[in-house]
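Asker: Here you go, final35.cif (mmCIF, C-alpha atoms):
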data_target
loop_
_atom_site.label_atom_id
_atom_site.label_comp_id
_atom_site.auth_asym_id
_atom_site.auth_seq_id
_atom_site.Cartn_x
_atom_site.Cartn_y
_atom_site.Cartn_z
CA MET T 1 88.14 80.40 83.92
CA LYS T 2 90.53 83.10 85.19
CA LYS T 3 90.40 83.84 88.92
CA LEU T 4 93.30 86.31 89.14
CA ILE T 5 94.30 89.21 86.90
CA VAL T 6 97.70 90.82 87.53
CA PHE T 7 98.37 94.25 86.04
CA ASP T 8 101.55 96.16 85.36
CA LEU T 9 101.30 99.78 86.53
CA ASP T 10 103.22 102.28 84.37
CA GLY T 11 101.89 102.30 80.81
CA THR T 12 99.12 99.83 81.64
CA LEU T 13 96.94 101.22 84.42
CA LEU T 14 98.40 104.73 84.62
CA ASN T 15 100.04 107.08 82.16
CA THR T 16 102.92 108.16 84.38
CA ILE T 17 105.49 109.12 81.75
CA ALA T 18 105.31 112.91 82.21
CA ASP T 19 105.93 112.75 85.97
CA LEU T 20 108.74 110.21 85.54
CA ALA T 21 110.38 112.42 82.92
CA GLU T 22 109.97 115.55 85.03
CA ALA T 23 111.48 113.94 88.13
CA THR T 24 114.40 112.37 86.26
CA ASN T 25 115.16 115.59 84.40
CA TYR T 26 115.11 117.45 87.71
CA ALA T 27 117.66 115.00 89.14
CA LEU T 28 119.81 115.15 86.01
CA GLN T 29 119.87 118.95 86.16
CA ARG T 30 120.82 118.93 89.84
CA CYS T 31 123.78 116.72 88.95
CA GLY T 32 124.83 118.79 85.94
CA TYR T 33 123.73 116.39 83.21
CA PRO T 34 121.66 117.06 80.06
CA THR T 35 117.94 116.30 80.14
CA HIS T 36 115.67 114.46 77.68
CA ASP T 37 112.35 115.00 75.97
CA THR T 38 109.42 113.29 77.69
CA ASP T 39 108.91 110.89 74.77
CA ALA T 40 112.43 109.49 75.17
CA TYR T 41 111.48 108.17 78.58
CA ARG T 42 109.12 105.64 77.02
CA TYR T 43 112.23 103.59 76.26
CA PHE T 44 114.09 104.35 79.49
CA VAL T 45 111.45 102.97 81.88
CA GLY T 46 110.35 99.41 82.53
CA ASN T 47 113.24 97.79 84.38
CA GLY T 48 113.18 99.72 87.67
CA ILE T 49 114.43 103.19 88.53
CA ASN T 50 118.16 102.37 88.71
CA LYS T 51 118.01 101.16 85.10
CA LEU T 52 116.00 104.30 84.23
CA PHE T 53 118.79 106.48 85.64
CA GLU T 54 121.46 104.46 83.87
CA ARG T 55 119.71 104.94 80.54
CA ALA T 56 119.13 108.65 81.17
CA LEU T 57 122.77 109.36 82.02
CA PRO T 58 125.34 110.08 79.28
CA GLU T 59 127.03 106.85 78.21
CA THR T 60 130.37 107.83 79.72
CA GLU T 61 128.74 108.61 83.09
CA ARG T 62 126.84 105.34 83.60
CA ASN T 63 128.28 104.00 86.82
CA GLU T 64 126.90 103.02 90.20
CA THR T 65 128.05 106.23 91.91
CA ASN T 66 126.24 108.47 89.44
CA ILE T 67 123.13 106.29 89.43
CA PHE T 68 122.86 106.70 93.19
CA ARG T 69 123.47 110.45 92.94
CA ILE T 70 120.55 110.74 90.53
CA ARG T 71 118.46 108.53 92.81
CA SER T 72 119.13 110.76 95.82
CA PHE T 73 117.51 113.71 94.04
CA PHE T 74 114.82 111.74 92.19
CA ILE T 75 113.19 109.93 95.13
CA PRO T 76 112.26 112.92 97.32
CA TYR T 77 111.10 114.91 94.29
CA TYR T 78 109.06 112.07 92.80
CA ASN T 79 107.50 111.18 96.14
CA ILE T 80 105.94 114.66 96.17
CA HIS T 81 105.21 115.07 92.46
CA ASN T 82 104.36 111.56 91.21
CA ALA T 83 100.65 112.37 90.81
CA ASP T 84 101.01 115.85 89.30
CA LEU T 85 100.40 114.76 85.71
CA SER T 86 99.85 110.99 85.95
CA ARG T 87 96.34 109.75 85.22
CA PRO T 88 94.55 106.43 84.67
CA TYR T 89 94.15 105.57 81.02
CA PRO T 90 90.57 106.29 79.91
CA GLY T 91 88.41 103.25 80.59
CA ILE T 92 90.77 101.62 83.11
CA PRO T 93 88.70 102.42 86.23
CA HIS T 94 85.67 100.81 84.55
CA VAL T 95 87.74 97.73 83.67
CA LEU T 96 88.87 97.28 87.26
CA GLU T 97 85.45 97.94 88.75
CA THR T 98 83.78 95.49 86.37
CA LEU T 99 86.29 92.71 87.01
CA GLN T 100 86.01 93.24 90.75
CA ALA T 101 82.21 93.06 90.52
CA GLU T 102 82.61 89.73 88.69
CA GLY T 103 84.46 88.35 91.70
CA ILE T 104 87.85 88.20 90.00
CA SER T 105 90.90 88.87 92.19
CA LEU T 106 93.06 91.79 91.03
CA ALA T 107 96.70 92.61 91.76
CA VAL T 108 99.51 94.93 90.68
CA ALA T 109 103.07 93.85 89.83
CA SER T 110 105.36 96.78 89.00
CA ASN T 111 109.06 97.53 88.72
CA LYS T 112 108.37 100.98 90.21
CA TYR T 113 109.68 101.20 93.77
CA GLN T 114 107.21 100.01 96.40
CA GLU T 115 106.44 103.34 98.11
CA ALA T 116 105.42 105.05 94.88
CA THR T 117 103.54 102.02 93.58
CA GLU T 118 101.35 101.87 96.67
CA LYS T 119 100.79 105.63 96.78
CA LEU T 120 99.65 105.83 93.15
CA ILE T 121 97.36 102.81 93.33
CA ARG T 122 95.72 103.95 96.58
CA HIS T 123 95.34 107.47 95.17
CA TYR T 124 93.79 106.59 91.81
CA PHE T 125 91.96 103.34 92.59
CA PRO T 126 90.77 103.56 96.23
CA GLN T 127 87.61 101.62 95.35
CA ILE T 128 89.53 98.51 94.23
CA GLY T 129 90.46 95.82 96.76
CA PHE T 130 93.67 94.54 95.18
CA VAL T 131 94.86 91.31 96.77
CA ARG T 132 98.44 92.56 96.51
CA ILE T 133 100.11 95.78 95.34
CA PHE T 134 103.75 94.99 94.71
CA GLY T 135 106.46 97.25 93.37
CA GLN T 136 110.21 96.85 93.44
CA ARG T 137 111.25 95.66 96.90
CA GLU T 138 114.59 94.97 98.52
CA GLY T 139 115.64 91.36 98.01
CA VAL T 140 113.00 90.59 95.35
CA PRO T 141 114.21 90.35 91.73
CA THR T 142 112.71 92.81 89.28
CA LYS T 143 110.58 91.73 86.34
CA PRO T 144 110.95 89.88 83.98
CA ASP T 145 111.88 87.53 86.82
CA PRO T 146 108.53 85.89 87.65
CA SER T 147 108.99 85.86 91.45
CA ILE T 148 106.58 88.77 91.95
CA VAL T 149 103.84 86.96 90.02
CA PHE T 150 104.43 83.71 91.93
CA GLU T 151 104.12 85.60 95.23
CA ILE T 152 100.83 87.16 94.11
CA MET T 153 99.44 83.81 92.94
CA GLN T 154 100.29 82.24 96.29
CA ALA T 155 98.56 85.07 98.17
CA ALA T 156 95.47 84.76 95.97
CA GLY T 157 95.40 80.97 96.03
CA ALA T 158 95.53 80.92 92.23
CA SER T 159 97.31 78.52 89.89
CA PRO T 160 99.06 79.60 86.66
CA GLU T 161 96.05 78.29 84.73
CA ASP T 162 93.82 80.57 86.83
CA THR T 163 95.94 83.67 86.17
CA ALA T 164 96.42 86.31 83.48
CA TYR T 165 99.14 88.96 83.40
CA ILE T 166 98.71 92.26 81.51
CA GLY T 167 101.38 94.78 80.54
CA ASP T 168 102.58 97.18 77.87
CA SER T 169 106.22 96.23 77.24
CA CYS T 170 108.61 93.43 76.36
CA VAL T 171 109.49 93.19 80.06
CA ASP T 172 105.84 92.42 80.81
CA MET T 173 105.51 89.88 78.03
CA GLN T 174 108.58 88.08 79.34
CA THR T 175 107.31 88.28 82.92
CA GLY T 176 103.99 86.66 82.14
CA GLN T 177 105.55 84.00 79.98
CA ASN T 178 108.27 83.27 82.56
CA ALA T 179 105.52 82.78 85.15
CA GLY T 180 103.67 80.37 82.88
CA VAL T 181 100.45 82.41 82.93
CA GLU T 182 98.29 83.78 80.14
CA THR T 183 100.03 86.91 78.94
CA ILE T 184 98.16 89.87 77.43
CA GLY T 185 99.58 93.00 75.83
CA ALA T 186 98.23 96.52 76.28
CA SER T 187 99.13 98.52 73.18
CA TRP T 188 97.98 101.89 74.58
CA GLY T 189 101.07 102.10 76.82
CA PHE T 190 104.64 103.27 76.43
CA ARG T 191 105.93 100.82 73.82
CA PRO T 192 104.83 100.14 70.22
CA ARG T 193 102.48 97.30 69.38
CA THR T 194 105.23 95.61 67.35
CA GLU T 195 107.26 95.11 70.54
CA LEU T 196 104.37 93.18 72.07
CA GLU T 197 103.70 91.21 68.89
CA ALA T 198 107.28 89.90 68.87
CA TYR T 199 106.49 87.89 72.03
CA ARG T 200 103.24 86.39 70.70
CA PRO T 201 101.08 86.99 73.75
CA ALA T 202 97.69 85.30 73.98
CA PHE T 203 96.00 88.60 73.10
CA ILE T 204 96.87 92.24 72.45
CA ALA T 205 94.25 94.81 73.43
CA ASP T 206 94.32 98.17 71.69
CA THR T 207 91.90 99.76 74.15
CA PRO T 208 90.79 99.05 77.72
CA GLU T 209 87.34 98.27 76.29
CA GLU T 210 88.83 95.50 74.14
CA LEU T 211 90.71 94.19 77.15
CA LEU T 212 87.57 94.03 79.27
CA ALA T 213 85.59 92.23 76.56
CA TYR T 214 88.36 89.66 76.21
CA LEU T 215 88.74 89.12 79.97
CA ILE T 216 85.02 88.81 80.63
CA ASN T 217 84.80 86.19 77.92
CA GLU T 218 87.87 84.39 79.31
CA CYS T 219 86.60 84.53 82.88
CA SER T 220 83.01 83.54 82.21
CA PRO T 221 81.85 80.14 83.57
CA GLU T 222 81.22 78.93 80.03
CA ASN T 223 84.93 79.08 79.21
#
As structure tokens, how would this structure be written, given the file I've shared?

Answerer:
Amino acid sequence: MKKLIVFDLDGTLLNTIADLAEATNYALQRCGYPTHDTDAYRYFVGNGINKLFERALPETERNETNIFRIRSFFIPYYNIHNADLSRPYPGIPHVLETLQAEGISLAVASNKYQEATEKLIRHYFPQIGFVRIFGQREGVPTKPDPSIVFEIMQAAGASPEDTAYIGDSCVDMQTGQNAGVETIGASWGFRPRTELEAYRPAFIADTPEELLAYLINECSPEN
């Protein structure tokens, strides 16, 4: 019986790719670099914003100085515009509301920086009492390091056997498996289903409705 469900944010709860692409392209333009199509950003995101900037920069320009130049333009722009085009995936609010009504603890573990993670979750899911909303924070390793999941489990009083982790990328599959918790793929996100399949998660949901049906069955007292 699962007591705690931990969700990734980008590509799992929210489709944020257009705003991430817009903000990064803005920063690239300000620094005189070429921009990218929105779809390319599906493969740039997932490991935190510094890695996003590194991947977006031309190969010969990928150094710490340029990454921080891009960051200096990205952060203030994204802080204002991060909810312009981002939206919950259809069915996700119902999933969260139903799980909460069942008495299951919910949390968010993201590699997006903390300020934006909190803003987006509070904006789109104000009705959900997440036990923790964690993004990338100073001094805490980014996923797939499992530290963020361990911290959430401790706060929720949940064991690995009590916990499931849900995400849309290889980073998420590794995170859940590194934490020793049940790991579930969300194929509606930024990465192809085949990327999730390679890590053999316990389950891959193709829709939020499939995810909810699986979780309710997993979390029911009979199981």

Asker: Could you pull the residues within 7 Å of stretch 95-98 of chain T, counting all atoms listed in the file, minus those fewer than 2 positions along the same chain, as a list in words?

Answerer: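 Listed by chain and then number, they are Gly91, Ile92, Pro93, Gln100, Ala101, Glu102, Ile128, Pro208 and Leu212 of chain T.
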
Asker: Spell out the residues picked by the PyMOL selection byres ((chain T and resi 35) around 12) here, as a list of chain:residue names.

Answerer: T:Ala21, T:Glu22, T:Ala23, T:Thr24, T:Asn25, T:Tyr26, T:Ala27, T:Leu28, T:Gln29, T:Arg30, T:Cys31, T:Gly32, T:Tyr33, T:Pro34, T:His36, T:Asp37, T:Thr38, T:Asp39, T:Ala40, T:Tyr41, T:Phe53, T:Arg55, T:Ala56, T:Leu57, T:Pro58

Asker: Which distance in Å separates atom CA of T:Asp206 and atom CA of T:Pro146, to one decimal?

Answerer: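 So the answer is 24.6 Å.
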
Asker: Using only C-alpha atoms, pick whichever of T:Arg122, T:Glu138, T:Leu211, T:Ala18 has the shortest atom-to-atom distance to T:Ile166.

Answerer: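 Once distances to T:Ile166 are computed over only C-alpha atoms, the minimum belongs to T:Leu211.
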
Asker: For atom CA of T:Arg200 and atom CA of T:Met173, determine how far apart the two atoms are, in Å to one decimal place.

Answerer: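 It comes out at 8.4 Å.
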
Asker: What's the 10 Å shell around T:Phe7, counting all atoms listed in the file, without same-chain residues fewer than 4 positions away, as a compact mmCIF listing (two decimals) with C-alpha atoms, in the frame of the given file?

Answerer:
# COMPACT_ATOMS: atom_id res chain seq x y z
CA THR T 12 99.12 99.83 81.64
CA LEU T 13 96.94 101.22 84.42
CA LEU T 106 93.06 91.79 91.03
CA ALA T 107 96.70 92.61 91.76
CA VAL T 108 99.51 94.93 90.68
CA ALA T 109 103.07 93.85 89.83
CA SER T 110 105.36 96.78 89.00
CA ILE T 133 100.11 95.78 95.34
CA VAL T 149 103.84 86.96 90.02
CA ALA T 164 96.42 86.31 83.48
CA TYR T 165 99.14 88.96 83.40
CA ILE T 166 98.71 92.26 81.51
CA GLY T 167 101.38 94.78 80.54
CA ASP T 168 102.58 97.18 77.87
CA ASP T 172 105.84 92.42 80.81
CA ILE T 184 98.16 89.87 77.43

Asker: What residues come out when you apply the PyMOL selection byres ((chain T and resi 78-87) around 8) to this file, written as an mmCIF file with C-alpha atoms, keeping the file's coordinate frame?

Answerer:
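The new file selection.cif reads:
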data_model
loop_
_atom_site.group_PDB
_atom_site.id
_atom_site.type_symbol
_atom_site.label_atom_id
_atom_site.label_comp_id
_atom_site.auth_asym_id
_atom_site.auth_seq_id
_atom_site.Cartn_x
_atom_site.Cartn_y
_atom_site.Cartn_z
ATOM 1 C CA LEU T 14 98.400 104.730 84.620
ATOM 2 C CA ASN T 15 100.040 107.080 82.160
ATOM 3 C CA THR T 16 102.920 108.160 84.380
ATOM 4 C CA ILE T 17 105.490 109.120 81.750
ATOM 5 C CA ALA T 18 105.310 112.910 82.210
ATOM 6 C CA ASP T 19 105.930 112.750 85.970
ATOM 7 C CA LEU T 20 108.740 110.210 85.540
ATOM 8 C CA ALA T 23 111.480 113.940 88.130
ATOM 9 C CA PHE T 74 114.820 111.740 92.190
ATOM 10 C CA ILE T 75 113.190 109.930 95.130
ATOM 11 C CA PRO T 76 112.260 112.920 97.320
ATOM 12 C CA TYR T 77 111.100 114.910 94.290
ATOM 13 C CA PRO T 88 94.550 106.430 84.670
ATOM 14 C CA TYR T 89 94.150 105.570 81.020
ATOM 15 C CA ALA T 116 105.420 105.050 94.880
ATOM 16 C CA LEU T 120 99.650 105.830 93.150
ATOM 17 C CA TYR T 124 93.790 106.590 91.810
#

Asker: Run the PyMOL selection byres ((chain T and resi 174) around 10) mentally over the shown coordinates, then write out the matched residues as a ChimeraX atom specification, using the chain letters and numbers from the document.

Answerer: /T:143-146,167,169-173,175-180,183,196,199,201

Asker: Of the residues T:Thr117, T:Ser72, T:Ser187, T:Asn66, which is the one nearest to T:Phe203, using all atoms listed in the file?

Answerer: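 Counting all atoms listed in the file, the residue closest to T:Phe203 is T:Ser187.
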
Asker: Return the single residue from T:Gly11, T:Lys51, T:Glu210, T:Arg69 that is closest to T:Pro192, with distances computed using only C-alpha atoms.

Answerer: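 Closest to T:Pro192 of all the choices is T:Gly11.
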
Asker: In Å, with one decimal, what is the gap from atom CA of T:Arg191 to atom CA of T:Met153?

Answerer: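 Atom-to-atom, atom CA of T:Arg191 and atom CA of T:Met153 are spaced 26.4 Å apart.
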
Asker: So which one's closest to T:Gly129, T:Gly157, T:Gly103, T:Gly185, T:Pro141? Using all atoms listed in the file, please.

Answerer: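 Closest to T:Gly129, using all atoms listed in the file: T:Gly103.
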
Asker: Taking 6 positions as the minimum chain separation for residues in the same chain, which residues sit within 8 Å of T:Ser105 when counting all atoms listed in the file? Answer as a list in words.

Answerer: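 The residues satisfying every condition are Lys3, Leu4, Ile5, Leu99, Phe130, Val131 and Ala156 of chain T.
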
Asker: Can you tell me, as lines of an AutoDock Vina configuration file, the centre and edge lengths (Å, one decimal) of the axis-aligned box enclosing all of stretch 157-167 of chain T's listed atoms after padding each side by 6 Å?

Answerer:
center_x = 97.6
center_y = 86.5
center_z = 88.3
size_x = 19.6
size_y = 28.5
size_z = 27.5

Asker: Which one is closest to T:Phe150: T:Lys2, T:Arg71, T:Arg42, T:Arg132? Count only C-alpha atoms.

Answerer: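 Counting only C-alpha atoms, the residue closest to T:Phe150 is T:Arg132.
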
Asker: Point out the residue among T:Gly189, T:Gly139, T:Pro160, T:Pro90 with the least atom-to-atom distance to T:Asp8, counting only C-alpha atoms.

Answerer: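 Counting only C-alpha atoms, the residue closest to T:Asp8 is T:Gly189.
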